[in-house]
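Participant: Provided below: my_file16.txt, containing compact mmCIF, N, CA and C atoms and all ligand atoms.
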```txt
# COMPACT_ATOMS: atom_id res chain seq x y z
N MET A 1182 166.00 -76.10 -80.04
CA MET A 1182 164.60 -75.74 -79.71
C MET A 1182 163.87 -76.97 -79.16
N LEU A 1183 163.41 -76.83 -77.94
CA LEU A 1183 162.74 -77.96 -77.29
C LEU A 1183 161.23 -77.85 -77.51
N THR A 1184 160.69 -78.76 -78.32
CA THR A 1184 159.25 -78.71 -78.58
C THR A 1184 158.51 -79.43 -77.44
N ASN A 1185 157.21 -79.20 -77.37
CA ASN A 1185 156.40 -79.89 -76.36
C ASN A 1185 156.41 -81.39 -76.59
N GLU A 1186 156.50 -81.79 -77.86
CA GLU A 1186 156.56 -83.22 -78.19
C GLU A 1186 157.83 -83.84 -77.60
N ILE A 1187 158.94 -83.14 -77.76
CA ILE A 1187 160.20 -83.65 -77.21
C ILE A 1187 160.13 -83.69 -75.68
N ARG A 1188 159.55 -82.65 -75.09
CA ARG A 1188 159.37 -82.63 -73.63
C ARG A 1188 158.61 -83.88 -73.17
N GLU A 1189 157.52 -84.16 -73.86
CA GLU A 1189 156.68 -85.31 -73.49
C GLU A 1189 157.43 -86.63 -73.66
N THR A 1190 158.17 -86.74 -74.75
CA THR A 1190 158.95 -87.97 -75.00
C THR A 1190 159.96 -88.19 -73.89
N LEU A 1191 160.65 -87.13 -73.52
CA LEU A 1191 161.71 -87.24 -72.52
C LEU A 1191 161.11 -87.61 -71.14
N ILE A 1192 160.00 -86.99 -70.81
CA ILE A 1192 159.34 -87.30 -69.54
C ILE A 1192 158.86 -88.76 -69.55
N GLN A 1193 158.33 -89.19 -70.67
CA GLN A 1193 157.85 -90.57 -70.80
C GLN A 1193 159.00 -91.56 -70.62
N LYS A 1194 160.14 -91.27 -71.20
CA LYS A 1194 161.32 -92.15 -71.07
C LYS A 1194 161.77 -92.22 -69.61
N ALA A 1195 161.75 -91.08 -68.94
CA ALA A 1195 162.15 -91.06 -67.52
C ALA A 1195 161.15 -91.84 -66.67
N LEU A 1196 159.90 -91.69 -67.01
CA LEU A 1196 158.82 -92.40 -66.29
C LEU A 1196 158.97 -93.91 -66.46
N GLU A 1197 159.24 -94.34 -67.68
CA GLU A 1197 159.41 -95.79 -67.94
C GLU A 1197 160.65 -96.31 -67.21
N ALA A 1198 161.74 -95.55 -67.29
CA ALA A 1198 162.99 -95.98 -66.64
C ALA A 1198 162.79 -96.11 -65.13
N ARG A 1199 161.99 -95.22 -64.56
CA ARG A 1199 161.77 -95.20 -63.11
C ARG A 1199 161.35 -96.57 -62.57
N ASN A 1200 160.71 -97.37 -63.40
CA ASN A 1200 160.32 -98.72 -62.97
C ASN A 1200 161.52 -99.58 -62.56
N TRP A 1201 162.69 -99.21 -63.06
CA TRP A 1201 163.90 -99.99 -62.77
C TRP A 1201 164.69 -99.41 -61.60
N ALA A 1202 164.16 -98.40 -60.96
CA ALA A 1202 164.88 -97.81 -59.81
C ALA A 1202 165.12 -98.90 -58.76
N TYR A 1203 166.32 -98.85 -58.17
CA TYR A 1203 166.63 -99.79 -57.09
C TYR A 1203 166.70 -98.95 -55.81
N ALA A 1204 165.56 -98.89 -55.12
CA ALA A 1204 165.47 -97.98 -53.96
C ALA A 1204 164.79 -98.68 -52.78
N PRO A 1205 165.36 -99.83 -52.33
CA PRO A 1205 164.71 -100.58 -51.26
C PRO A 1205 164.81 -99.89 -49.90
N TYR A 1206 165.70 -98.93 -49.76
CA TYR A 1206 165.90 -98.29 -48.45
C TYR A 1206 165.04 -97.03 -48.30
N SER A 1207 165.04 -96.20 -49.33
CA SER A 1207 164.25 -94.96 -49.24
C SER A 1207 162.84 -95.15 -49.79
N ASN A 1208 162.68 -96.15 -50.64
CA ASN A 1208 161.41 -96.30 -51.38
C ASN A 1208 161.07 -95.04 -52.17
N TYR A 1209 162.07 -94.28 -52.53
CA TYR A 1209 161.87 -93.07 -53.32
C TYR A 1209 162.48 -93.32 -54.70
N ALA A 1210 161.66 -93.80 -55.63
CA ALA A 1210 162.15 -94.13 -56.96
C ALA A 1210 162.27 -92.88 -57.82
N VAL A 1211 163.38 -92.80 -58.54
CA VAL A 1211 163.63 -91.65 -59.43
C VAL A 1211 164.00 -92.19 -60.82
N GLY A 1212 163.43 -91.56 -61.83
CA GLY A 1212 163.79 -91.88 -63.22
C GLY A 1212 164.27 -90.61 -63.89
N ALA A 1213 165.27 -90.76 -64.75
CA ALA A 1213 165.78 -89.59 -65.48
C ALA A 1213 166.02 -89.99 -66.93
N ALA A 1214 165.96 -89.00 -67.80
CA ALA A 1214 166.28 -89.23 -69.22
C ALA A 1214 166.92 -87.96 -69.76
N VAL A 1215 168.08 -88.13 -70.36
CA VAL A 1215 168.82 -86.98 -70.89
C VAL A 1215 168.86 -87.06 -72.41
N LEU A 1216 168.59 -85.91 -73.03
CA LEU A 1216 168.59 -85.79 -74.49
C LEU A 1216 169.88 -85.11 -74.92
N THR A 1217 170.67 -85.81 -75.73
CA THR A 1217 171.95 -85.25 -76.16
C THR A 1217 171.75 -84.27 -77.31
N GLU A 1218 172.79 -83.49 -77.56
CA GLU A 1218 172.75 -82.53 -78.66
C GLU A 1218 172.50 -83.26 -79.98
N SER A 1219 173.03 -84.49 -80.08
CA SER A 1219 172.89 -85.26 -81.32
C SER A 1219 171.54 -85.97 -81.43
N GLY A 1220 170.68 -85.82 -80.40
CA GLY A 1220 169.33 -86.37 -80.49
C GLY A 1220 169.12 -87.73 -79.84
N LYS A 1221 170.16 -88.25 -79.19
CA LYS A 1221 169.99 -89.55 -78.52
C LYS A 1221 169.47 -89.36 -77.10
N ILE A 1222 168.79 -90.36 -76.59
CA ILE A 1222 168.27 -90.30 -75.22
C ILE A 1222 168.90 -91.42 -74.40
N TYR A 1223 169.41 -91.05 -73.22
CA TYR A 1223 169.95 -92.03 -72.27
C TYR A 1223 169.13 -91.90 -70.98
N ASP A 1224 168.70 -93.05 -70.44
CA ASP A 1224 167.92 -92.96 -69.20
C ASP A 1224 168.74 -93.43 -68.01
N GLY A 1225 168.20 -93.21 -66.83
CA GLY A 1225 168.89 -93.64 -65.61
C GLY A 1225 167.92 -93.72 -64.45
N VAL A 1226 168.31 -94.47 -63.45
CA VAL A 1226 167.49 -94.60 -62.23
C VAL A 1226 168.41 -94.49 -61.02
N ASN A 1227 167.83 -94.22 -59.85
CA ASN A 1227 168.66 -94.25 -58.65
C ASN A 1227 168.97 -95.69 -58.26
N VAL A 1228 170.19 -95.90 -57.81
CA VAL A 1228 170.66 -97.23 -57.42
C VAL A 1228 171.20 -97.13 -56.01
N GLU A 1229 170.45 -97.69 -55.06
CA GLU A 1229 170.84 -97.59 -53.64
C GLU A 1229 171.71 -98.78 -53.24
N ASN A 1230 172.25 -98.67 -52.03
CA ASN A 1230 173.14 -99.71 -51.52
C ASN A 1230 172.95 -99.83 -50.02
N ALA A 1231 173.18 -101.02 -49.47
CA ALA A 1231 173.09 -101.24 -48.02
C ALA A 1231 174.07 -100.33 -47.29
N VAL A 1232 175.17 -99.96 -47.97
CA VAL A 1232 176.06 -98.92 -47.44
C VAL A 1232 175.52 -97.61 -48.04
N TYR A 1233 174.66 -96.95 -47.31
CA TYR A 1233 173.83 -95.87 -47.86
C TYR A 1233 174.57 -94.83 -48.72
N PRO A 1234 175.75 -94.35 -48.28
CA PRO A 1234 176.38 -93.27 -49.07
C PRO A 1234 176.79 -93.70 -50.48
N LEU A 1235 176.80 -94.98 -50.75
CA LEU A 1235 177.19 -95.43 -52.09
C LEU A 1235 176.08 -95.25 -53.12
N THR A 1236 174.92 -94.86 -52.66
CA THR A 1236 173.78 -94.64 -53.55
C THR A 1236 174.14 -93.67 -54.68
N MET A 1237 173.65 -93.98 -55.86
CA MET A 1237 173.85 -93.07 -57.00
C MET A 1237 172.49 -92.59 -57.51
N CYS A 1238 172.40 -91.29 -57.77
CA CYS A 1238 171.14 -90.69 -58.23
C CYS A 1238 170.86 -91.01 -59.70
N ALA A 1239 169.59 -90.96 -60.04
CA ALA A 1239 169.14 -91.25 -61.40
C ALA A 1239 169.75 -90.31 -62.44
N GLU A 1240 169.82 -89.03 -62.09
CA GLU A 1240 170.32 -88.04 -63.06
C GLU A 1240 171.76 -88.34 -63.44
N ARG A 1241 172.57 -88.67 -62.41
CA ARG A 1241 173.97 -88.93 -62.70
C ARG A 1241 174.15 -90.24 -63.46
N VAL A 1242 173.33 -91.24 -63.18
CA VAL A 1242 173.42 -92.49 -63.95
C VAL A 1242 173.16 -92.18 -65.43
N ALA A 1243 172.10 -91.40 -65.71
CA ALA A 1243 171.77 -91.07 -67.10
C ALA A 1243 172.90 -90.28 -67.77
N ILE A 1244 173.42 -89.29 -67.06
CA ILE A 1244 174.48 -88.45 -67.64
C ILE A 1244 175.76 -89.27 -67.85
N PHE A 1245 176.10 -90.11 -66.87
CA PHE A 1245 177.33 -90.90 -67.00
C PHE A 1245 177.20 -91.93 -68.13
N LYS A 1246 176.01 -92.47 -68.29
CA LYS A 1246 175.81 -93.40 -69.42
C LYS A 1246 176.07 -92.66 -70.74
N ALA A 1247 175.53 -91.46 -70.85
CA ALA A 1247 175.69 -90.68 -72.08
C ALA A 1247 177.16 -90.32 -72.30
N VAL A 1248 177.81 -89.84 -71.25
CA VAL A 1248 179.20 -89.41 -71.39
C VAL A 1248 180.08 -90.60 -71.75
N SER A 1249 179.76 -91.75 -71.19
CA SER A 1249 180.58 -92.94 -71.47
C SER A 1249 180.36 -93.47 -72.89
N GLN A 1250 179.39 -92.87 -73.59
CA GLN A 1250 179.17 -93.20 -75.01
C GLN A 1250 179.65 -92.05 -75.90
N GLY A 1251 180.37 -91.12 -75.31
CA GLY A 1251 180.97 -90.04 -76.10
C GLY A 1251 180.13 -88.78 -76.20
N GLU A 1252 179.02 -88.72 -75.48
CA GLU A 1252 178.14 -87.54 -75.54
C GLU A 1252 178.49 -86.58 -74.41
N LYS A 1253 178.64 -85.31 -74.75
CA LYS A 1253 179.02 -84.34 -73.70
C LYS A 1253 178.18 -83.08 -73.69
N THR A 1254 177.26 -82.97 -74.63
CA THR A 1254 176.41 -81.78 -74.68
C THR A 1254 174.96 -82.21 -74.65
N PHE A 1255 174.20 -81.59 -73.75
CA PHE A 1255 172.84 -82.05 -73.52
C PHE A 1255 171.83 -80.93 -73.73
N GLN A 1256 170.77 -81.26 -74.45
CA GLN A 1256 169.70 -80.27 -74.66
C GLN A 1256 168.83 -80.17 -73.42
N ALA A 1257 168.49 -81.33 -72.85
CA ALA A 1257 167.55 -81.33 -71.73
C ALA A 1257 167.68 -82.62 -70.94
N ILE A 1258 167.23 -82.55 -69.69
CA ILE A 1258 167.13 -83.77 -68.87
C ILE A 1258 165.79 -83.73 -68.14
N ALA A 1259 165.08 -84.85 -68.19
CA ALA A 1259 163.81 -84.95 -67.46
C ALA A 1259 164.04 -85.79 -66.21
N VAL A 1260 163.40 -85.37 -65.13
CA VAL A 1260 163.51 -86.10 -63.85
C VAL A 1260 162.10 -86.36 -63.35
N VAL A 1261 161.80 -87.63 -63.09
CA VAL A 1261 160.46 -88.00 -62.62
C VAL A 1261 160.53 -88.63 -61.24
N THR A 1262 159.73 -88.06 -60.33
CA THR A 1262 159.59 -88.62 -58.98
C THR A 1262 158.10 -88.59 -58.64
N ARG A 1263 157.74 -89.20 -57.51
CA ARG A 1263 156.31 -89.25 -57.17
C ARG A 1263 155.76 -87.86 -56.84
N ASN A 1264 156.66 -86.94 -56.44
CA ASN A 1264 156.18 -85.64 -55.99
C ASN A 1264 156.88 -84.45 -56.65
N GLY A 1265 157.54 -84.70 -57.75
CA GLY A 1265 158.18 -83.59 -58.47
C GLY A 1265 159.39 -83.03 -57.76
N GLY A 1266 160.16 -83.92 -57.11
CA GLY A 1266 161.38 -83.47 -56.42
C GLY A 1266 162.40 -82.94 -57.41
N THR A 1267 163.20 -81.99 -56.96
CA THR A 1267 164.23 -81.40 -57.85
C THR A 1267 165.59 -82.06 -57.60
N PRO A 1268 166.52 -81.96 -58.54
CA PRO A 1268 167.82 -82.65 -58.42
C PRO A 1268 168.63 -82.19 -57.21
N CYS A 1269 169.35 -83.12 -56.63
CA CYS A 1269 170.20 -82.80 -55.47
C CYS A 1269 171.39 -81.95 -55.92
N GLY A 1270 172.10 -81.42 -54.95
CA GLY A 1270 173.24 -80.55 -55.24
C GLY A 1270 174.33 -81.23 -56.05
N SER A 1271 174.60 -82.49 -55.74
CA SER A 1271 175.64 -83.21 -56.49
C SER A 1271 175.25 -83.36 -57.95
N CYS A 1272 174.00 -83.67 -58.21
CA CYS A 1272 173.54 -83.82 -59.60
C CYS A 1272 173.59 -82.47 -60.32
N ARG A 1273 173.25 -81.41 -59.61
CA ARG A 1273 173.32 -80.07 -60.23
C ARG A 1273 174.76 -79.76 -60.65
N GLN A 1274 175.70 -80.12 -59.79
CA GLN A 1274 177.11 -79.85 -60.11
C GLN A 1274 177.55 -80.67 -61.32
N VAL A 1275 177.11 -81.91 -61.40
CA VAL A 1275 177.47 -82.77 -62.55
C VAL A 1275 176.82 -82.22 -63.82
N MET A 1276 175.57 -81.76 -63.72
CA MET A 1276 174.92 -81.15 -64.89
C MET A 1276 175.71 -79.92 -65.34
N ALA A 1277 176.15 -79.12 -64.37
CA ALA A 1277 176.86 -77.87 -64.68
C ALA A 1277 178.15 -78.13 -65.46
N GLU A 1278 178.77 -79.25 -65.18
CA GLU A 1278 180.01 -79.61 -65.87
C GLU A 1278 179.82 -79.65 -67.39
N PHE A 1279 178.60 -80.00 -67.81
CA PHE A 1279 178.35 -80.20 -69.23
C PHE A 1279 177.49 -79.10 -69.85
N GLY A 1280 177.28 -78.02 -69.12
CA GLY A 1280 176.58 -76.87 -69.74
C GLY A 1280 175.51 -76.29 -68.85
N MET A 1281 175.55 -74.97 -68.74
CA MET A 1281 174.61 -74.27 -67.86
C MET A 1281 173.25 -74.04 -68.52
N ASP A 1282 173.20 -74.24 -69.85
CA ASP A 1282 171.95 -73.95 -70.57
C ASP A 1282 171.04 -75.18 -70.73
N THR A 1283 171.50 -76.32 -70.29
CA THR A 1283 170.67 -77.53 -70.39
C THR A 1283 169.36 -77.30 -69.64
N ILE A 1284 168.27 -77.70 -70.27
CA ILE A 1284 166.95 -77.53 -69.65
C ILE A 1284 166.65 -78.74 -68.76
N VAL A 1285 166.15 -78.44 -67.56
CA VAL A 1285 165.82 -79.49 -66.59
C VAL A 1285 164.31 -79.53 -66.42
N LEU A 1286 163.72 -80.64 -66.83
CA LEU A 1286 162.26 -80.80 -66.75
C LEU A 1286 161.93 -81.61 -65.51
N ILE A 1287 161.10 -81.06 -64.66
CA ILE A 1287 160.71 -81.74 -63.43
C ILE A 1287 159.27 -82.22 -63.59
N ALA A 1288 159.08 -83.53 -63.46
CA ALA A 1288 157.74 -84.08 -63.65
C ALA A 1288 157.40 -85.05 -62.54
N ASP A 1289 156.09 -85.35 -62.43
CA ASP A 1289 155.67 -86.35 -61.44
C ASP A 1289 155.24 -87.63 -62.16
N THR A 1290 154.78 -88.59 -61.39
CA THR A 1290 154.50 -89.90 -61.99
C THR A 1290 153.23 -89.94 -62.85
N SER A 1291 152.48 -88.84 -62.85
CA SER A 1291 151.36 -88.78 -63.80
C SER A 1291 151.87 -88.33 -65.17
N GLY A 1292 153.17 -87.98 -65.22
CA GLY A 1292 153.75 -87.53 -66.48
C GLY A 1292 153.60 -86.03 -66.67
N LYS A 1293 153.07 -85.37 -65.63
CA LYS A 1293 152.84 -83.92 -65.74
C LYS A 1293 154.13 -83.14 -65.53
N LEU A 1294 154.40 -82.20 -66.45
CA LEU A 1294 155.54 -81.30 -66.28
C LEU A 1294 155.18 -80.29 -65.20
N ILE A 1295 155.98 -80.28 -64.13
CA ILE A 1295 155.65 -79.38 -63.01
C ILE A 1295 156.39 -78.05 -63.14
N THR A 1296 157.69 -78.16 -63.39
CA THR A 1296 158.51 -76.95 -63.53
C THR A 1296 159.61 -77.21 -64.55
N GLU A 1297 160.10 -76.12 -65.09
CA GLU A 1297 161.20 -76.22 -66.06
C GLU A 1297 162.24 -75.18 -65.67
N TYR A 1298 163.47 -75.65 -65.55
CA TYR A 1298 164.58 -74.75 -65.19
C TYR A 1298 165.69 -74.89 -66.22
N THR A 1299 166.68 -74.02 -66.12
CA THR A 1299 167.97 -74.31 -66.75
C THR A 1299 168.91 -74.72 -65.62
N VAL A 1300 170.03 -75.32 -65.99
CA VAL A 1300 171.02 -75.67 -64.96
C VAL A 1300 171.49 -74.39 -64.26
N ALA A 1301 171.61 -73.30 -65.02
CA ALA A 1301 172.02 -72.02 -64.43
C ALA A 1301 171.04 -71.57 -63.34
N ASP A 1302 169.75 -71.82 -63.56
CA ASP A 1302 168.75 -71.48 -62.52
C ASP A 1302 169.01 -72.28 -61.25
N LEU A 1303 169.34 -73.56 -61.45
CA LEU A 1303 169.45 -74.48 -60.31
C LEU A 1303 170.77 -74.35 -59.56
N LEU A 1304 171.80 -73.83 -60.26
CA LEU A 1304 173.12 -73.76 -59.61
C LEU A 1304 173.83 -72.45 -59.95
N PRO A 1305 173.34 -71.35 -59.39
CA PRO A 1305 174.00 -70.08 -59.68
C PRO A 1305 175.38 -70.01 -59.02
N ASN A 1306 176.25 -69.22 -59.61
CA ASN A 1306 177.61 -69.00 -59.06
C ASN A 1306 178.37 -70.31 -58.83
N SER A 1307 178.24 -71.23 -59.76
CA SER A 1307 178.83 -72.55 -59.54
C SER A 1307 180.34 -72.56 -59.77
N PHE A 1308 180.97 -73.52 -59.17
CA PHE A 1308 182.40 -73.77 -59.40
C PHE A 1308 182.51 -74.48 -60.74
N SER A 1309 183.48 -74.07 -61.56
CA SER A 1309 183.62 -74.69 -62.87
C SER A 1309 185.09 -74.81 -63.24
N GLN A 1310 185.34 -75.36 -64.42
CA GLN A 1310 186.73 -75.52 -64.86
C GLN A 1310 187.45 -74.19 -64.97
N ASP A 1311 186.70 -73.10 -65.17
CA ASP A 1311 187.34 -71.77 -65.21
C ASP A 1311 188.04 -71.44 -63.90
N ASP A 1312 187.47 -71.94 -62.80
CA ASP A 1312 188.06 -71.66 -61.49
C ASP A 1312 189.39 -72.39 -61.30
N LEU A 1313 189.63 -73.37 -62.14
CA LEU A 1313 190.87 -74.15 -62.01
C LEU A 1313 192.00 -73.55 -62.85
N ALA A 1314 191.66 -72.54 -63.66
CA ALA A 1314 192.68 -71.92 -64.52
C ALA A 1314 193.76 -71.28 -63.66
N ALA A 1315 195.02 -71.39 -64.12
CA ALA A 1315 196.14 -70.81 -63.36
C ALA A 1315 195.96 -69.31 -63.28
N SER A 1316 196.26 -68.73 -62.11
CA SER A 1316 196.10 -67.26 -61.98
C SER A 1316 197.46 -66.61 -61.82
N1 LIG B 1401 167.76 -89.20 -55.60
C1 LIG B 1401 167.96 -89.13 -56.95
O1 LIG B 1401 168.00 -90.16 -57.64
N2 LIG B 1401 168.12 -87.92 -57.52
C2 LIG B 1401 168.11 -86.74 -56.82
O2 LIG B 1401 168.43 -85.71 -57.38
C3 LIG B 1401 167.68 -86.73 -55.42
C4 LIG B 1401 167.71 -88.04 -54.74
C5 LIG B 1401 167.60 -90.52 -54.98
C6 LIG B 1401 168.76 -90.93 -54.11
C7 LIG B 1401 168.10 -91.89 -53.17
O3 LIG B 1401 168.10 -93.18 -53.77
C8 LIG B 1401 166.68 -91.40 -53.06
O4 LIG B 1401 166.46 -90.54 -54.14
C9 LIG B 1401 166.38 -90.66 -51.76
O5 LIG B 1401 167.33 -89.68 -51.51
```
Please express what this file holds, its structure, as structure tokens.

Facilitator:
Amino acid sequence: MLTNEIRETLIQKALEARNWAYAPYSNYAVGAAVLTESGKIYDGVNVENAVYPLTMCAERVAIFKAVSQGEKTFQAIAVVTRNGGTPCGSCRQVMAEFGMDTIVLIADTSGKLITEYTVADLLPNSFSQDDLAAS
């Protein structure tokens, strides 16, 4: 059960993390914070590179940090941008890997929650490990 207090905490963590975004090329800073099933929070920022395609999104940094600490189930992830941008397709696919019911909170830099989705809302009919099962 995601309370409003938890929503606010998660958005605040993403907002604080956003200060560490490395986005000298796009100047589009993104902060993310993921809440694990066990109650831990991992944050992330976008990290750009002079070789543009090497850029990594904030959501995936947060999720990969969590997974690399043994966490694989997520209650929610907050994403903060200056204009309430939603996660890119690659991030949606990575979120889907760890559960379609994870709540995705979209907020802006004032800390305002703009929209709330589930991963299933953001990536319907997704490819998953079930598709890899032998037929
Ligand atoms: N970006 C993210 O961090 N997350 C997204 O879901 C969308 C895009 C970053 C990548 C790049 O550094 C900048 O935003 C502009 O695309």

Participant: Any chance you could work out the axis-aligned box around ligand LIG 1401 (chain B), listed atoms only, 3 Å on each side, giving centre and edge lengths in Å to one decimal, as lines of an AutoDock Vina configuration file?

Facilitator:
```
center_x = 167.6
center_y = -89.4
center_z = -54.6
size_x = 8.4
size_y = 13.5
size_z = 12.1
```

Participant: Any chance you could list, as a list in words, the residues in segment 1234-1303 of chain A that come up helix (DSSP H, G or I) when DSSP is run on the backbone?

Facilitator: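 Of segment 1234-1303 of chain A, only Pro1234, Leu1235, Ala1239, Glu1240, Arg1241, Val1242, Ala1243, Ile1244, Phe1245, Lys1246, Ala1247, Val1248, Gly1270, Ser1271, Cys1272, Arg1273, Gln1274, Val1275, Met1276, Ala1277, Glu1278, Val1300, Ala1301, Asp1302 and Leu1303 of chain A fall in helix (DSSP H, G or I).
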
Participant: Which residue gives the smallest distance to Met1281 of chain A among A:Ser1219, A:Thr1299, A:Gln1193, A:Gly1212, with all atoms listed in the file counted?

Facilitator: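 When distances to Met1281 of chain A are compared using all atoms listed in the file, the smallest one comes from A:Thr1299.
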
Participant: Kindly give the distance, in Å, that separates atom CA of Glu1186 of chain A and atom CA of Ala1243 of chain A, rounded to a single decimal.

Facilitator: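 These two atoms are separated by 20.4 Å.
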
Participant: I'd like the neighbourhood of Ile1295 of chain A as a list in words, where a residue qualifies if any of its atoms comes within 7 Å (using only N, CA and C atoms), though same-chain residues fewer than 3 positions away should be ignored.

Facilitator: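 Once the nearby chain positions are removed, what remains is Gly1265, Leu1286, Ile1287, Ala1288, Asp1289 and Gly1292 of chain A.
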
Participant: Kindly save the residues from that selection, with N, CA and C atoms included, as an mmCIF file, in the frame of the given file.

Facilitator:
```cif
data_model
loop_
_atom_site.group_PDB
_atom_site.id
_atom_site.type_symbol
_atom_site.label_atom_id
_atom_site.label_comp_id
_atom_site.auth_asym_id
_atom_site.auth_seq_id
_atom_site.Cartn_x
_atom_site.Cartn_y
_atom_site.Cartn_z
ATOM 1 N N GLY A 1265 157.540 -84.700 -57.750
ATOM 2 C CA GLY A 1265 158.180 -83.590 -58.470
ATOM 3 C C GLY A 1265 159.390 -83.030 -57.760
ATOM 4 N N LEU A 1286 163.720 -80.640 -66.830
ATOM 5 C CA LEU A 1286 162.260 -80.800 -66.750
ATOM 6 C C LEU A 1286 161.930 -81.610 -65.510
ATOM 7 N N ILE A 1287 161.100 -81.060 -64.660
ATOM 8 C CA ILE A 1287 160.710 -81.740 -63.430
ATOM 9 C C ILE A 1287 159.270 -82.220 -63.590
ATOM 10 N N ALA A 1288 159.080 -83.530 -63.460
ATOM 11 C CA ALA A 1288 157.740 -84.080 -63.650
ATOM 12 C C ALA A 1288 157.400 -85.050 -62.540
ATOM 13 N N ASP A 1289 156.090 -85.350 -62.430
ATOM 14 C CA ASP A 1289 155.670 -86.350 -61.440
ATOM 15 C C ASP A 1289 155.240 -87.630 -62.160
ATOM 16 N N GLY A 1292 153.170 -87.980 -65.220
ATOM 17 C CA GLY A 1292 153.750 -87.530 -66.480
ATOM 18 C C GLY A 1292 153.600 -86.030 -66.670
#
```
